[in-house]
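Text of start.txt (compact mmCIF, C-alpha atoms (C1' of nucleotides)) as supplied:
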```txt
# COMPACT_ATOMS: atom_id res chain seq x y z
CA MET E 1 107.84 101.31 67.55
CA GLU E 2 106.86 104.31 69.57
CA ILE E 3 103.49 105.83 68.82
CA ARG E 4 103.53 109.59 68.64
CA GLU E 5 100.46 110.32 70.75
CA ALA E 6 97.35 108.82 72.20
CA HIS E 7 94.55 109.29 69.74
CA PRO E 8 90.80 108.74 70.18
CA PHE E 9 89.11 106.13 68.01
CA ASP E 10 85.76 105.82 69.71
CA LEU E 11 84.21 108.55 67.62
CA THR E 12 81.12 109.07 65.53
CA PRO E 13 81.67 109.38 61.78
CA ALA E 14 81.15 113.12 61.99
CA GLU E 15 83.75 113.44 64.75
CA ALA E 16 86.16 111.22 62.82
CA ILE E 17 85.87 113.49 59.80
CA ARG E 18 86.62 116.55 61.91
CA LEU E 19 89.70 114.83 63.33
CA GLN E 20 90.88 114.02 59.82
CA GLU E 21 90.53 117.63 58.79
CA ARG E 22 92.66 118.66 61.73
CA LEU E 23 95.32 115.97 61.26
CA ARG E 24 95.72 116.53 57.55
CA GLU E 25 97.70 119.65 58.27
CA GLN E 26 100.41 117.57 59.88
CA VAL E 27 101.08 115.47 56.79
CA ARG E 28 104.44 116.14 55.14
CA ARG E 29 104.15 115.57 51.42
CA SER E 30 107.85 115.79 50.75
CA GLY E 31 110.95 114.33 52.24
CA ASP E 32 113.46 111.63 51.71
CA ALA E 33 113.45 108.19 53.31
CA GLY E 34 117.24 108.45 53.23
CA GLU E 35 119.41 105.36 52.92
CA VAL E 36 116.72 102.70 52.92
CA SER E 37 117.86 99.44 54.46
CA LEU E 38 114.67 98.34 56.13
CA VAL E 39 111.09 98.52 54.82
CA ALA E 40 107.81 97.32 56.29
CA GLY E 41 104.33 96.43 55.15
CA ALA E 42 101.16 96.73 57.27
CA ASP E 43 97.82 95.10 56.62
CA ALA E 44 94.68 93.81 58.30
CA SER E 45 92.48 90.77 57.83
CA TYR E 46 89.13 89.72 59.23
CA ALA E 47 86.39 87.16 58.80
CA LYS E 48 83.20 88.13 57.02
CA GLY E 49 80.68 88.53 59.80
CA GLU E 50 83.10 89.25 62.64
CA ASP E 51 84.34 92.45 64.21
CA VAL E 52 87.73 91.07 65.24
CA ILE E 53 90.55 92.47 63.15
CA HIS E 54 93.94 90.85 62.85
CA ALA E 55 96.55 93.49 62.05
CA VAL E 56 100.13 92.70 61.14
CA VAL E 57 103.39 94.40 60.32
CA VAL E 58 106.13 92.64 58.40
CA ALA E 59 109.65 94.10 58.22
CA LEU E 60 111.96 93.26 55.31
CA SER E 61 115.57 94.13 54.65
CA TYR E 62 116.22 96.25 51.56
CA PRO E 63 117.11 95.75 48.79
CA ASP E 64 117.21 92.00 49.26
CA LEU E 65 113.67 91.87 50.72
CA THR E 66 114.28 89.15 53.26
CA VAL E 67 111.61 89.05 55.98
CA VAL E 68 113.30 89.92 59.27
CA GLU E 69 110.36 90.38 61.63
CA ARG E 70 106.63 89.72 61.83
CA VAL E 71 104.23 90.92 64.50
CA SER E 72 100.47 90.74 64.86
CA ALA E 73 97.70 92.04 67.08
CA ALA E 74 94.01 91.24 67.28
CA ALA E 75 91.41 93.78 68.32
CA VAL E 76 87.66 94.26 68.19
CA THR E 77 87.05 97.07 65.75
CA PRO E 78 84.99 99.98 67.04
CA PHE E 79 83.97 101.07 63.57
CA PRO E 80 82.24 99.69 60.47
CA TYR E 81 83.83 100.06 57.06
CA ILE E 82 82.97 103.48 55.69
CA PRO E 83 84.81 104.69 52.57
CA GLY E 84 87.11 107.50 53.68
CA LEU E 85 87.19 106.39 57.31
CA LEU E 86 89.17 103.17 57.00
CA THR E 87 91.71 104.19 59.64
CA PHE E 88 89.00 104.31 62.27
CA ARG E 89 88.28 100.67 61.59
CA GLU E 90 91.79 99.24 61.27
CA GLY E 91 93.82 101.82 63.18
CA PRO E 92 93.53 100.50 66.73
CA ALA E 93 94.70 96.99 65.79
CA LEU E 94 97.47 98.39 63.59
CA ILE E 95 98.75 100.64 66.35
CA GLU E 96 99.01 97.71 68.74
CA ALA E 97 100.90 95.73 66.10
CA PHE E 98 103.35 98.60 65.64
CA ARG E 99 103.86 98.79 69.38
CA ARG E 100 105.02 95.20 69.22
CA LEU E 101 107.40 95.83 66.35
CA ARG E 102 111.02 96.02 67.48
CA SER E 103 112.40 96.96 64.07
CA GLU E 104 112.66 100.61 63.06
CA PRO E 105 111.72 100.59 59.34
CA ASP E 106 112.92 103.48 57.18
CA VAL E 107 109.62 103.48 55.31
CA ILE E 108 106.27 101.76 55.77
CA PHE E 109 103.88 100.57 53.05
CA PHE E 110 100.16 100.68 53.81
CA ASP E 111 97.29 98.95 52.07
CA GLY E 112 95.19 101.94 51.03
CA GLN E 113 95.49 105.60 50.12
CA GLY E 114 97.87 108.21 51.40
CA ILE E 115 96.87 111.77 50.46
CA ALA E 116 94.78 110.54 47.50
CA HIS E 117 91.80 110.72 49.82
CA PRO E 118 88.72 112.98 50.06
CA ARG E 119 90.29 114.90 52.96
CA GLY E 120 93.93 114.19 52.19
CA LEU E 121 94.30 111.73 55.06
CA GLY E 122 94.09 108.14 53.91
CA ILE E 123 95.32 105.37 56.20
CA ALA E 124 98.95 105.74 55.05
CA SER E 125 99.00 109.44 55.88
CA HIS E 126 97.10 109.04 59.12
CA MET E 127 99.32 106.23 60.39
CA GLY E 128 102.42 107.95 59.05
CA VAL E 129 101.65 111.00 61.17
CA LEU E 130 100.93 108.93 64.28
CA LEU E 131 104.16 106.98 63.82
CA ASP E 132 106.09 110.03 62.62
CA ARG E 133 107.70 107.85 59.97
CA PRO E 134 107.96 107.91 56.15
CA ALA E 135 104.87 106.14 54.78
CA ILE E 136 103.53 105.17 51.35
CA GLY E 137 99.95 104.42 50.35
CA VAL E 138 99.52 101.54 47.90
CA ALA E 139 95.87 100.99 47.02
CA LYS E 140 94.33 98.41 44.73
CA SER E 141 91.58 100.76 43.62
CA LEU E 142 90.89 104.47 43.45
CA LEU E 143 89.06 106.46 46.10
CA ALA E 144 89.56 110.05 45.00
CA GLY E 145 90.66 111.81 41.83
CA THR E 146 90.72 110.71 38.22
CA VAL E 147 93.34 108.86 36.26
CA SER E 148 93.97 107.64 32.76
CA GLU E 149 95.17 104.16 31.89
CA PRO E 150 98.97 103.83 32.13
CA GLY E 151 100.88 102.13 29.31
CA ALA E 152 100.81 98.33 29.28
CA GLY E 153 104.45 97.90 30.21
CA ARG E 154 105.89 97.41 33.69
CA GLY E 155 106.93 100.77 35.13
CA SER E 156 104.35 102.78 33.18
CA THR E 157 102.62 105.47 35.20
CA ALA E 158 99.72 107.92 34.95
CA PRO E 159 99.05 110.78 37.38
CA ILE E 160 96.01 110.74 39.66
CA LEU E 161 94.55 114.22 39.31
CA ARG E 162 92.17 116.33 41.34
CA ASP E 163 91.54 119.97 40.56
CA GLY E 164 94.60 120.05 38.36
CA GLU E 165 96.85 118.76 41.11
CA THR E 166 98.71 115.46 41.09
CA ILE E 167 97.71 113.61 44.24
CA GLY E 168 99.15 110.24 43.35
CA MET E 169 100.22 107.92 40.58
CA ALA E 170 98.77 104.83 38.95
CA VAL E 171 101.72 102.47 38.63
CA ARG E 172 101.91 99.38 36.46
CA THR E 173 104.01 97.02 38.56
CA ARG E 174 103.47 94.10 36.22
CA GLU E 175 102.89 93.93 32.52
CA ARG E 176 99.26 93.92 31.46
CA VAL E 177 98.02 93.72 35.03
CA LYS E 178 95.80 96.32 36.68
CA PRO E 179 97.94 99.12 38.13
CA VAL E 180 98.24 99.99 41.82
CA TYR E 181 97.48 103.51 43.05
CA VAL E 182 100.40 105.04 44.87
CA SER E 183 100.22 108.22 46.91
CA VAL E 184 102.35 110.01 49.45
CA GLY E 185 101.65 108.87 52.96
CA HIS E 186 103.98 111.02 55.02
CA ARG E 187 107.51 112.40 54.95
CA ILE E 188 108.36 111.16 51.46
CA ASP E 189 107.81 112.60 48.01
CA LEU E 190 105.75 110.94 45.30
CA SER E 191 108.76 110.29 43.10
CA GLN E 192 110.59 108.25 45.72
CA ALA E 193 107.37 106.52 46.73
CA VAL E 194 106.83 105.33 43.16
CA ASP E 195 110.47 104.29 42.87
CA LEU E 196 110.23 102.21 46.04
CA VAL E 197 107.02 100.55 44.95
CA LEU E 198 108.59 99.53 41.65
CA ALA E 199 111.80 98.46 43.35
CA THR E 200 109.94 96.17 45.74
CA ALA E 201 107.39 94.78 43.27
CA ARG E 202 109.05 91.61 42.06
CA GLY E 203 106.96 89.36 39.92
CA TYR E 204 103.64 90.23 41.53
CA ARG E 205 101.20 93.09 41.27
CA LEU E 206 101.70 94.16 44.89
CA PRO E 207 105.07 95.25 46.28
CA GLU E 208 106.64 92.68 48.63
CA PRO E 209 106.08 94.55 51.90
CA THR E 210 102.34 94.72 51.18
CA ARG E 211 102.17 91.22 49.76
CA GLN E 212 104.01 89.66 52.69
CA ALA E 213 101.79 91.52 55.14
CA HIS E 214 98.74 90.23 53.27
CA LEU E 215 99.91 86.65 53.44
CA PHE E 216 100.84 86.85 57.10
CA ALA E 217 97.59 88.56 58.10
CA ASN E 218 95.59 85.76 56.52
CA ALA E 219 97.79 83.09 58.09
CA VAL E 220 97.36 84.64 61.52
CA ARG E 221 93.60 84.89 61.16
CA ARG E 222 93.38 81.27 60.09
CA GLY E 223 95.41 80.31 63.11
CA ASP E 224 98.41 78.79 61.36
CA GLY E 225 100.60 81.85 61.53
CA GLN E 226 102.76 80.38 64.25
CA ALA E 227 103.18 76.94 62.69
CA THR E 228 103.90 77.83 59.10
CA LEU E 229 105.95 80.97 59.33
CA PRO E 230 109.34 81.82 60.83
CA SER E 231 110.22 84.68 63.18
CA SER E 232 108.37 86.13 66.11
CA THR E 233 104.66 86.79 66.28
CA ARG E 234 105.06 87.65 69.89
C1' DG F 235 68.65 114.62 44.83
C1' DC F 236 71.82 111.06 42.37
C1' DG F 237 76.00 108.36 42.04
C1' DA F 238 80.74 107.04 43.83
C1' DC F 239 82.82 104.92 47.34
C1' DA F 240 90.41 102.46 50.00
C1' DG F 241 89.62 97.79 52.83
C1' DA P 242 87.86 92.87 53.37
C1' DT P 243 85.48 88.06 52.81
C1' DC P 244 82.81 83.97 50.61
C1' DT P 245 84.73 80.15 46.80
C1' DT P 246 86.45 76.05 42.02
C1' DG P 247 87.62 75.90 38.22
C1' DT P 248 89.49 77.94 34.39
C1' DC P 249 91.45 80.94 30.65
C1' DG P 250 95.82 83.23 29.31
C1' DC P 251 100.70 84.57 29.39
```

Rewritten as structure tokens:
Amino acid sequence: MEIREAHPFDLTPAEAIRLQERLREQVRRSGDAGEVSLVAGADASYAKGEDVIHAVVVALSYPDLTVVERVSAAAVTPFPYIPGLLTFREGPALIEAFRRLRSEPDVIFFDGQGIAHPRGLGIASHMGVLLDRPAIGVAKSLLAGTVSEPGAGRGSTAPILRDGETIGMAVRTRERVKPVYVSVGHRIDLSQAVDLVLATARGYRLPEPTRQAHLFANAVRRGDGQATLPSSTR
DNA sequence: GCGACAG
DNA sequence: ATCTTGTCGC
């Protein structure tokens, strides 16, 4: 995929925060992914004490969810993990992975928040803007806002609120299992984002794009990505 | 000043 | 995120 613009990542935390405050204005909180026929999941993996990040993107056809392409990229991260600044840690490796992706997904799932972020620019929104592509944030825990417990049944939801505004939705993708926290990344509305998460969550807590990216990222880091899995890693 | 805090 | 074995529950 084409990346929208060169973007500095060798910043101090204070500079990174200022960049987020500037980029947040470019996030589109509404939109329609259109006729979705291709989705993608992006994720990163790394070993405990190391600063090498393995980022991957997995593309799947929709609605059948067959994996059609997998790419990966390794990079030394220039940033430690700081809540709210995740993109500055995983972004460089992710961008390289997207450069290697030949598919043109209609929507991309990210492992983390979209606008449900202290400055409205979680990794899904940040990457969505850089890629200029519909993006959805699917986080396993909450970073900003408050939420009540959704009903126990699959498909139950509860709004994530901040100052009276809905910034995302807790979504129960599997009965009696902890919900995932969905928020708009870029160029898609919350309603369609939630629909797509539920439509791609099949039997597991995490939607398939995210789950497949998780599995592949770990396989690549362990070194058996090439041997065990089909498709290109090139 | 004291907690909270995506991955 | 990662380190780790078995184990309880649907």

Pull the closest atom pair for each residue of chain P that gets at most 8 Å from chain E, along with the distance in Å to one decimal, counting all atoms listed in the file, ordering rows by chain and then ascending residue number, as a tab-separated table.
```
residue	atom	partner	partner_atom	distance
P:DA242	C1'	E:Ser45	CA	6.8
P:DT243	C1'	E:Lys48	CA	4.8
P:DC244	C1'	E:Lys48	CA	7.7
```

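From atom CA of Gly155 of chain E back to atom CA of Ala217 of chain E, the distance works out to 27.6 Å.
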
(message) Could you tell me which residues of chain F sit within 7 Å of chain E when counting all atoms listed in the file, and give me the result as a ChimeraX atom specification?
(response) /F:239-241

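For segment 27-41 of chain E, the residues within 6 Å (counting only C-alpha atoms (C1' of nucleotides), excluding itself and residues fewer than 5 positions away along the chain) are E:Val57, E:Val58, E:Ala59, E:Leu60, E:Ser61, E:Tyr62, E:Pro105, E:Asp106, E:Val107, E:Ile108, E:Phe109, E:His186, E:Arg187, E:Ile188, E:Asp189, E:Pro209, E:Thr210, E:Ala213.
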
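Straight-line separation from atom CA of Gln192 of chain E to atom CA of Ile160 of chain E: 16.0 Å.
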